[in-house]
Amino acid sequence: MKSINMEFIRYLNLFEQTTGIETKYCFFYNNQLIFVVKNKLVSKAIGQGGKNVKKMMKILKKKVKIVPNPKNNSETEIRKFISKIIEPKQFKDLTIDKNNKELIISADKRNKAALIGREKKRREELSNITGNLFDMSVKIT
């Protein structure tokens with residue numbers, strides 16, 4: 001994450017205290033606080049029966065989600081990462097325009113509307129996430 005504020009530092013500290021796992025990335029998407037951890041640590045972070053996530057949700061009074069960190073900036077890894085963030089919504093296709101540094105996400109009408117959000121809020125959130133992690137903006141078609 002390029003810019004970080006005190007609120008997110010508190011979230012990261014709570015996450016580490018609750019799970020015993022250190023992470024550098026958390027962000028909001030669709031009214032959920034999403035933490036990004038190494039792939040092999042996702043189940044430990046969630047905790048047995050989801051106890052860590054439930055505990056954080058109770059403390060923060062916010063929805064919490066834990067997703068695996070992409071291994072690299074390949075199209076396949078970015079596709080998996082975006083899929084996890086937007087679940088249960090889905091997209092048809094994702095392509096990368098390297099010239100314009102843009103992720104182009106194609107979706108059907110209903111999912112497209114959900115991905116864009118009212119006043120383009122979700123698209124902006126997703127664009128901030130991809131900008132911080134991959135240095136790319138998002139276009140939804």
# chains A, B, ... in the order shown; residues from 1 in each chain; ligands from 1

call {"tool": "residues_around", "arguments": {"residues": "Thr76 (chain A)", "least_positions_apart": "4", "cutoff": "12 Å", "atoms": "only C-alpha atoms", "output": "number ranges by chain"}}
result
A: 70-72, 80-83, 93-96

call {"tool": "residues_around", "arguments": {"residues": "Asn111 (chain A)", "least_positions_apart": "2", "cutoff": "12 Å", "atoms": "only C-alpha atoms", "output": "number ranges by chain"}}
result
A: 86-93, 105-109, 113-117, 122-123, 140-141

call {"tool": "residues_around", "arguments": {"residues": "region 8-21 of chain A", "least_positions_apart": "2", "cutoff": "10 Å", "atoms": "only C-alpha atoms", "output": "list in words"}}
result
Ser3, Ile4, Asn5, Met6, Thr23, Lys24, Tyr25, Cys26, Phe27, Phe28, Leu33, Phe35, Val37, Lys38, Leu41, Val42, Lys44, Ala45, Ile46, Gly47, Lys51, Asn52, Val53, Lys55, Met56, Ile59 and Leu60 of chain A

call {"tool": "write_last_selection", "arguments": {"atoms": "N, CA and C atoms", "output": "PDB file, in the first residue's frame"}}
result
ATOM      1  N   SER A   3       0.098   4.616   0.428  1.00  0.00           N
ATOM      2  CA  SER A   3      -0.165   5.546   1.511  1.00  0.00           C
ATOM      3  C   SER A   3      -0.912   4.798   2.606  1.00  0.00           C
ATOM      4  N   ILE A   4      -0.560   5.132   3.840  1.00  0.00           N
ATOM      5  CA  ILE A   4      -1.178   4.430   4.960  1.00  0.00           C
ATOM      6  C   ILE A   4      -1.502   5.470   6.023  1.00  0.00           C
ATOM      7  N   ASN A   5      -2.620   5.283   6.694  1.00  0.00           N
ATOM      8  CA  ASN A   5      -2.975   6.226   7.745  1.00  0.00           C
ATOM      9  C   ASN A   5      -3.102   5.500   9.078  1.00  0.00           C
ATOM     10  N   MET A   6      -3.295   6.236  10.143  1.00  0.00           N
ATOM     11  CA  MET A   6      -3.326   5.655  11.490  1.00  0.00           C
ATOM     12  C   MET A   6      -4.433   4.612  11.646  1.00  0.00           C
ATOM     13  N   THR A  23       1.039  -8.682   8.385  1.00  0.00           N
ATOM     14  CA  THR A  23       0.728  -8.316   7.006  1.00  0.00           C
ATOM     15  C   THR A  23       0.934  -6.820   6.843  1.00  0.00           C
ATOM     16  N   LYS A  24       1.193  -6.407   5.617  1.00  0.00           N
ATOM     17  CA  LYS A  24       1.404  -4.990   5.332  1.00  0.00           C
ATOM     18  C   LYS A  24       0.229  -4.383   4.587  1.00  0.00           C
ATOM     19  N   TYR A  25      -0.713  -5.228   4.150  1.00  0.00           N
ATOM     20  CA  TYR A  25      -1.782  -4.745   3.278  1.00  0.00           C
ATOM     21  C   TYR A  25      -3.158  -5.010   3.864  1.00  0.00           C
ATOM     22  N   CYS A  26      -3.932  -3.950   3.961  1.00  0.00           N
ATOM     23  CA  CYS A  26      -5.361  -4.076   4.234  1.00  0.00           C
ATOM     24  C   CYS A  26      -6.034  -2.885   3.572  1.00  0.00           C
ATOM     25  N   PHE A  27      -7.282  -3.083   3.195  1.00  0.00           N
ATOM     26  CA  PHE A  27      -8.010  -2.034   2.493  1.00  0.00           C
ATOM     27  C   PHE A  27      -9.495  -2.310   2.602  1.00  0.00           C
ATOM     28  N   PHE A  28     -10.289  -1.317   2.253  1.00  0.00           N
ATOM     29  CA  PHE A  28     -11.737  -1.480   2.222  1.00  0.00           C
ATOM     30  C   PHE A  28     -12.187  -1.729   0.797  1.00  0.00           C
ATOM     31  N   LEU A  33     -13.481  -4.924   5.334  1.00  0.00           N
ATOM     32  CA  LEU A  33     -12.064  -4.711   5.575  1.00  0.00           C
ATOM     33  C   LEU A  33     -11.358  -5.983   5.132  1.00  0.00           C
ATOM     34  N   PHE A  35      -7.857  -8.112   4.452  1.00  0.00           N
ATOM     35  CA  PHE A  35      -6.446  -8.264   4.777  1.00  0.00           C
ATOM     36  C   PHE A  35      -5.818  -9.214   3.760  1.00  0.00           C
ATOM     37  N   VAL A  37      -2.689 -11.738   3.011  1.00  0.00           N
ATOM     38  CA  VAL A  37      -1.619 -12.500   3.663  1.00  0.00           C
ATOM     39  C   VAL A  37      -1.011 -13.496   2.677  1.00  0.00           C
ATOM     40  N   LYS A  38       0.134 -14.046   3.048  1.00  0.00           N
ATOM     41  CA  LYS A  38       0.773 -15.060   2.208  1.00  0.00           C
ATOM     42  C   LYS A  38      -0.178 -16.246   2.058  1.00  0.00           C
ATOM     43  N   LEU A  41      -0.562 -18.930   4.647  1.00  0.00           N
ATOM     44  CA  LEU A  41      -0.994 -18.498   5.975  1.00  0.00           C
ATOM     45  C   LEU A  41      -2.474 -18.121   6.059  1.00  0.00           C
ATOM     46  N   VAL A  42      -3.203 -18.250   4.950  1.00  0.00           N
ATOM     47  CA  VAL A  42      -4.611 -17.837   4.933  1.00  0.00           C
ATOM     48  C   VAL A  42      -5.435 -18.605   5.959  1.00  0.00           C
ATOM     49  N   LYS A  44      -4.491 -20.215   8.648  1.00  0.00           N
ATOM     50  CA  LYS A  44      -4.078 -19.862  10.006  1.00  0.00           C
ATOM     51  C   LYS A  44      -4.644 -18.495  10.388  1.00  0.00           C
ATOM     52  N   ALA A  45      -4.637 -17.562   9.455  1.00  0.00           N
ATOM     53  CA  ALA A  45      -5.166 -16.220   9.721  1.00  0.00           C
ATOM     54  C   ALA A  45      -6.661 -16.258  10.003  1.00  0.00           C
ATOM     55  N   ILE A  46      -7.385 -17.068   9.247  1.00  0.00           N
ATOM     56  CA  ILE A  46      -8.834 -17.191   9.447  1.00  0.00           C
ATOM     57  C   ILE A  46      -9.121 -17.827  10.801  1.00  0.00           C
ATOM     58  N   GLY A  47      -8.315 -18.815  11.182  1.00  0.00           N
ATOM     59  CA  GLY A  47      -8.482 -19.496  12.464  1.00  0.00           C
ATOM     60  C   GLY A  47      -9.461 -20.646  12.358  1.00  0.00           C
ATOM     61  N   LYS A  51     -12.586 -18.432  13.802  1.00  0.00           N
ATOM     62  CA  LYS A  51     -12.601 -17.713  15.087  1.00  0.00           C
ATOM     63  C   LYS A  51     -11.880 -16.361  15.027  1.00  0.00           C
ATOM     64  N   ASN A  52     -10.767 -16.273  14.304  1.00  0.00           N
ATOM     65  CA  ASN A  52     -10.037 -14.998  14.236  1.00  0.00           C
ATOM     66  C   ASN A  52     -10.837 -13.934  13.496  1.00  0.00           C
ATOM     67  N   VAL A  53     -11.452 -14.334  12.396  1.00  0.00           N
ATOM     68  CA  VAL A  53     -12.265 -13.392  11.621  1.00  0.00           C
ATOM     69  C   VAL A  53     -13.460 -12.937  12.451  1.00  0.00           C
ATOM     70  N   LYS A  55     -13.731 -12.825  15.687  1.00  0.00           N
ATOM     71  CA  LYS A  55     -13.268 -11.965  16.775  1.00  0.00           C
ATOM     72  C   LYS A  55     -13.014 -10.545  16.271  1.00  0.00           C
ATOM     73  N   MET A  56     -12.339 -10.413  15.129  1.00  0.00           N
ATOM     74  CA  MET A  56     -12.070  -9.083  14.576  1.00  0.00           C
ATOM     75  C   MET A  56     -13.358  -8.382  14.162  1.00  0.00           C
ATOM     76  N   ILE A  59     -14.940  -6.996  17.300  1.00  0.00           N
ATOM     77  CA  ILE A  59     -14.217  -5.835  17.832  1.00  0.00           C
ATOM     78  C   ILE A  59     -14.430  -4.607  16.945  1.00  0.00           C
ATOM     79  N   LEU A  60     -14.289  -4.794  15.629  1.00  0.00           N
ATOM     80  CA  LEU A  60     -14.332  -3.664  14.693  1.00  0.00           C
ATOM     81  C   LEU A  60     -15.743  -3.270  14.266  1.00  0.00           C
TER      82      LEU A  60
END

call {"tool": "select_by_dssp", "arguments": {"residues": "region 77-117 of chain A", "states": "strand (DSSP E)", "output": "PDB file with C-alpha atoms, in the first residue's frame"}}
result
ATOM      1  CA  ASP A  93     -12.769 -11.975 -18.339  1.00  0.00           C
ATOM      2  CA  LEU A  94      -9.812  -9.962 -17.126  1.00  0.00           C
ATOM      3  CA  THR A  95      -7.068  -8.651 -19.396  1.00  0.00           C
ATOM      4  CA  ILE A  96      -4.089  -6.446 -18.758  1.00  0.00           C
ATOM      5  CA  ASP A  97      -3.281  -3.494 -20.985  1.00  0.00           C
ATOM      6  CA  GLU A 102      -4.912  -0.857 -16.894  1.00  0.00           C
ATOM      7  CA  LEU A 103      -6.846  -3.950 -15.813  1.00  0.00           C
ATOM      8  CA  ILE A 104      -9.849  -4.448 -18.062  1.00  0.00           C
ATOM      9  CA  ILE A 105     -12.604  -6.440 -16.384  1.00  0.00           C
ATOM     10  CA  SER A 106     -15.533  -7.749 -18.471  1.00  0.00           C
TER      11      SER A 106
END

call {"tool": "residues_around", "arguments": {"residues": "Tyr29 (chain A)", "least_positions_apart": "5", "cutoff": "10 Å", "atoms": "only C-alpha atoms", "output": "number ranges by chain"}}
result
A: 34, 65, 85-86, 121-126, 128-129

call {"tool": "write_last_selection", "arguments": {"atoms": "N, CA and C atoms", "output": "CSV table (one decimal), in the first residue's frame"}}
result
chain,number,residue,atom,x,y,z
A,34,ILE,N,-10.5,-5.9,4.1
A,34,ILE,CA,-9.8,-7.0,3.6
A,34,ILE,C,-8.3,-7.0,3.9
A,65,LYS,N,-12.5,-9.9,5.7
A,65,LYS,CA,-12.2,-10.9,4.8
A,65,LYS,C,-10.7,-11.0,4.7
A,85,ILE,N,-11.4,-10.9,-4.0
A,85,ILE,CA,-11.8,-9.6,-3.4
A,85,ILE,C,-13.3,-9.4,-3.7
A,86,ILE,N,-13.7,-9.6,-5.0
A,86,ILE,CA,-15.1,-9.3,-5.4
A,86,ILE,C,-16.1,-10.4,-5.1
A,121,LYS,N,-18.4,4.0,-6.9
A,121,LYS,CA,-17.6,3.8,-5.6
A,121,LYS,C,-16.8,2.5,-5.6
A,122,ARG,N,-17.4,1.4,-6.0
A,122,ARG,CA,-16.6,0.1,-6.0
A,122,ARG,C,-15.5,0.1,-7.0
A,123,ARG,N,-15.8,0.7,-8.2
A,123,ARG,CA,-14.8,0.7,-9.2
A,123,ARG,C,-13.6,1.6,-8.7
A,124,GLU,N,-13.8,2.7,-8.0
A,124,GLU,CA,-12.8,3.5,-7.5
A,124,GLU,C,-12.0,2.7,-6.4
A,125,GLU,N,-12.7,2.0,-5.5
A,125,GLU,CA,-12.1,1.2,-4.5
A,125,GLU,C,-11.2,0.2,-5.1
A,126,LEU,N,-11.7,-0.5,-6.1
A,126,LEU,CA,-10.9,-1.5,-6.8
A,126,LEU,C,-9.7,-0.9,-7.5
A,128,ASN,N,-8.1,1.8,-6.6
A,128,ASN,CA,-7.1,2.2,-5.6
A,128,ASN,C,-6.3,0.9,-5.1
A,129,ILE,N,-7.0,-0.2,-5.0
A,129,ILE,CA,-6.4,-1.4,-4.6
A,129,ILE,C,-5.3,-1.9,-5.6

call {"tool": "closest_residue", "arguments": {"among": "A:Glu77, A:Lys62, A:Lys84, A:Gln48", "to": "Gln32 (chain A)", "atoms": "only C-alpha atoms"}}
result
A:Lys62

call {"tool": "closest_residue", "arguments": {"among": "A:Lys120, A:Met136, A:Glu22, A:Glu75", "to": "Asn99 (chain A)", "atoms": "only C-alpha atoms"}}
result
A:Met136

call {"tool": "select_by_dssp", "arguments": {"residues": "region 43-141 of chain A", "states": "alpha helix (DSSP H)", "output": "PyMOL selection string"}}
result
chain A and resi 43-46+51-60+75-86+109-116+121-134

call {"tool": "write_last_selection", "arguments": {"atoms": "N, CA and C atoms", "output": "compact mmCIF listing (two decimals), in the first residue's frame"}}
result
# COMPACT_ATOMS: atom_id res chain seq x y z
N SER A 43 -5.32 -19.93 5.98
CA SER A 43 -6.16 -20.70 6.91
C SER A 43 -5.77 -20.43 8.36
N LYS A 44 -4.49 -20.21 8.65
CA LYS A 44 -4.08 -19.86 10.01
C LYS A 44 -4.64 -18.50 10.39
N ALA A 45 -4.64 -17.56 9.46
CA ALA A 45 -5.17 -16.22 9.72
C ALA A 45 -6.66 -16.26 10.00
N ILE A 46 -7.39 -17.07 9.25
CA ILE A 46 -8.83 -17.19 9.45
C ILE A 46 -9.12 -17.83 10.80
N LYS A 51 -12.59 -18.43 13.80
CA LYS A 51 -12.60 -17.71 15.09
C LYS A 51 -11.88 -16.36 15.03
N ASN A 52 -10.77 -16.27 14.30
CA ASN A 52 -10.04 -15.00 14.24
C ASN A 52 -10.84 -13.93 13.50
N VAL A 53 -11.45 -14.33 12.40
CA VAL A 53 -12.27 -13.39 11.62
C VAL A 53 -13.46 -12.94 12.45
N LYS A 54 -14.12 -13.87 13.12
CA LYS A 54 -15.28 -13.52 13.95
C LYS A 54 -14.88 -12.57 15.07
N LYS A 55 -13.73 -12.83 15.69
CA LYS A 55 -13.27 -11.97 16.78
C LYS A 55 -13.01 -10.55 16.27
N MET A 56 -12.34 -10.41 15.13
CA MET A 56 -12.07 -9.08 14.58
C MET A 56 -13.36 -8.38 14.16
N MET A 57 -14.31 -9.13 13.58
CA MET A 57 -15.58 -8.53 13.18
C MET A 57 -16.32 -8.00 14.41
N LYS A 58 -16.25 -8.73 15.51
CA LYS A 58 -16.92 -8.31 16.73
C LYS A 58 -16.27 -7.04 17.30
N ILE A 59 -14.94 -7.00 17.30
CA ILE A 59 -14.22 -5.84 17.83
C ILE A 59 -14.43 -4.61 16.95
N LEU A 60 -14.29 -4.79 15.63
CA LEU A 60 -14.33 -3.66 14.69
C LEU A 60 -15.74 -3.27 14.27
N GLU A 75 -1.04 -12.27 -15.13
CA GLU A 75 -2.48 -12.14 -15.35
C GLU A 75 -3.24 -13.19 -14.54
N THR A 76 -2.71 -14.41 -14.46
CA THR A 76 -3.37 -15.49 -13.72
C THR A 76 -3.47 -15.14 -12.23
N GLU A 77 -2.40 -14.65 -11.65
CA GLU A 77 -2.39 -14.31 -10.23
C GLU A 77 -3.30 -13.11 -9.93
N ILE A 78 -3.26 -12.11 -10.80
CA ILE A 78 -4.13 -10.95 -10.62
C ILE A 78 -5.59 -11.36 -10.73
N ARG A 79 -5.89 -12.24 -11.69
CA ARG A 79 -7.26 -12.76 -11.87
C ARG A 79 -7.75 -13.43 -10.59
N LYS A 80 -6.93 -14.30 -9.99
CA LYS A 80 -7.31 -15.00 -8.75
C LYS A 80 -7.53 -13.99 -7.62
N PHE A 81 -6.63 -13.02 -7.52
CA PHE A 81 -6.71 -12.01 -6.46
C PHE A 81 -7.98 -11.18 -6.56
N ILE A 82 -8.27 -10.68 -7.75
CA ILE A 82 -9.47 -9.87 -7.96
C ILE A 82 -10.72 -10.72 -7.69
N SER A 83 -10.72 -11.97 -8.13
CA SER A 83 -11.86 -12.87 -7.88
C SER A 83 -12.16 -13.00 -6.40
N LYS A 84 -11.10 -13.17 -5.60
CA LYS A 84 -11.28 -13.31 -4.14
C LYS A 84 -11.83 -12.03 -3.51
N ILE A 85 -11.39 -10.89 -4.01
CA ILE A 85 -11.84 -9.62 -3.45
C ILE A 85 -13.32 -9.38 -3.74
N ILE A 86 -13.74 -9.64 -4.98
CA ILE A 86 -15.11 -9.29 -5.37
C ILE A 86 -16.13 -10.38 -5.08
N LYS A 109 -24.26 -7.86 -17.28
CA LYS A 109 -24.92 -6.62 -16.84
C LYS A 109 -25.04 -6.50 -15.32
N ARG A 110 -25.55 -7.55 -14.68
CA ARG A 110 -25.80 -7.48 -13.24
C ARG A 110 -24.49 -7.35 -12.46
N ASN A 111 -23.51 -8.19 -12.81
CA ASN A 111 -22.23 -8.11 -12.11
C ASN A 111 -21.49 -6.83 -12.43
N LYS A 112 -21.64 -6.34 -13.66
CA LYS A 112 -20.99 -5.09 -14.05
C LYS A 112 -21.50 -3.95 -13.17
N ALA A 113 -22.81 -3.87 -13.00
CA ALA A 113 -23.40 -2.83 -12.16
C ALA A 113 -22.89 -2.95 -10.72
N ALA A 114 -22.80 -4.16 -10.22
CA ALA A 114 -22.32 -4.37 -8.85
C ALA A 114 -20.84 -4.01 -8.72
N LEU A 115 -20.05 -4.31 -9.74
CA LEU A 115 -18.62 -4.00 -9.70
C LEU A 115 -18.36 -2.50 -9.79
N ILE A 116 -19.19 -1.79 -10.53
CA ILE A 116 -19.04 -0.35 -10.64
C ILE A 116 -19.55 0.34 -9.38
N LYS A 121 -18.37 3.99 -6.86
CA LYS A 121 -17.60 3.82 -5.62
C LYS A 121 -16.77 2.54 -5.62
N ARG A 122 -17.38 1.40 -5.99
CA ARG A 122 -16.64 0.14 -5.96
C ARG A 122 -15.54 0.10 -7.01
N ARG A 123 -15.80 0.69 -8.17
CA ARG A 123 -14.75 0.74 -9.20
C ARG A 123 -13.57 1.56 -8.69
N GLU A 124 -13.85 2.66 -8.03
CA GLU A 124 -12.78 3.49 -7.47
C GLU A 124 -12.01 2.75 -6.38
N GLU A 125 -12.74 2.02 -5.52
CA GLU A 125 -12.08 1.23 -4.48
C GLU A 125 -11.15 0.19 -5.11
N LEU A 126 -11.67 -0.51 -6.11
CA LEU A 126 -10.89 -1.54 -6.79
C LEU A 126 -9.69 -0.92 -7.51
N SER A 127 -9.88 0.23 -8.10
CA SER A 127 -8.80 0.93 -8.78
C SER A 127 -7.71 1.35 -7.79
N ASN A 128 -8.10 1.80 -6.60
CA ASN A 128 -7.13 2.15 -5.56
C ASN A 128 -6.32 0.93 -5.14
N ILE A 129 -7.01 -0.20 -4.98
CA ILE A 129 -6.35 -1.44 -4.57
C ILE A 129 -5.33 -1.86 -5.63
N THR A 130 -5.78 -1.92 -6.88
CA THR A 130 -4.87 -2.37 -7.95
C THR A 130 -3.77 -1.34 -8.20
N GLY A 131 -4.07 -0.08 -7.97
CA GLY A 131 -3.04 0.95 -8.10
C GLY A 131 -1.94 0.78 -7.07
N ASN A 132 -2.34 0.50 -5.83
CA ASN A 132 -1.36 0.31 -4.76
C ASN A 132 -0.56 -0.98 -4.90
N LEU A 133 -1.22 -2.05 -5.30
CA LEU A 133 -0.53 -3.35 -5.36
C LEU A 133 0.15 -3.62 -6.71
N PHE A 134 -0.46 -3.19 -7.80
CA PHE A 134 0.06 -3.55 -9.12
C PHE A 134 0.41 -2.34 -9.98
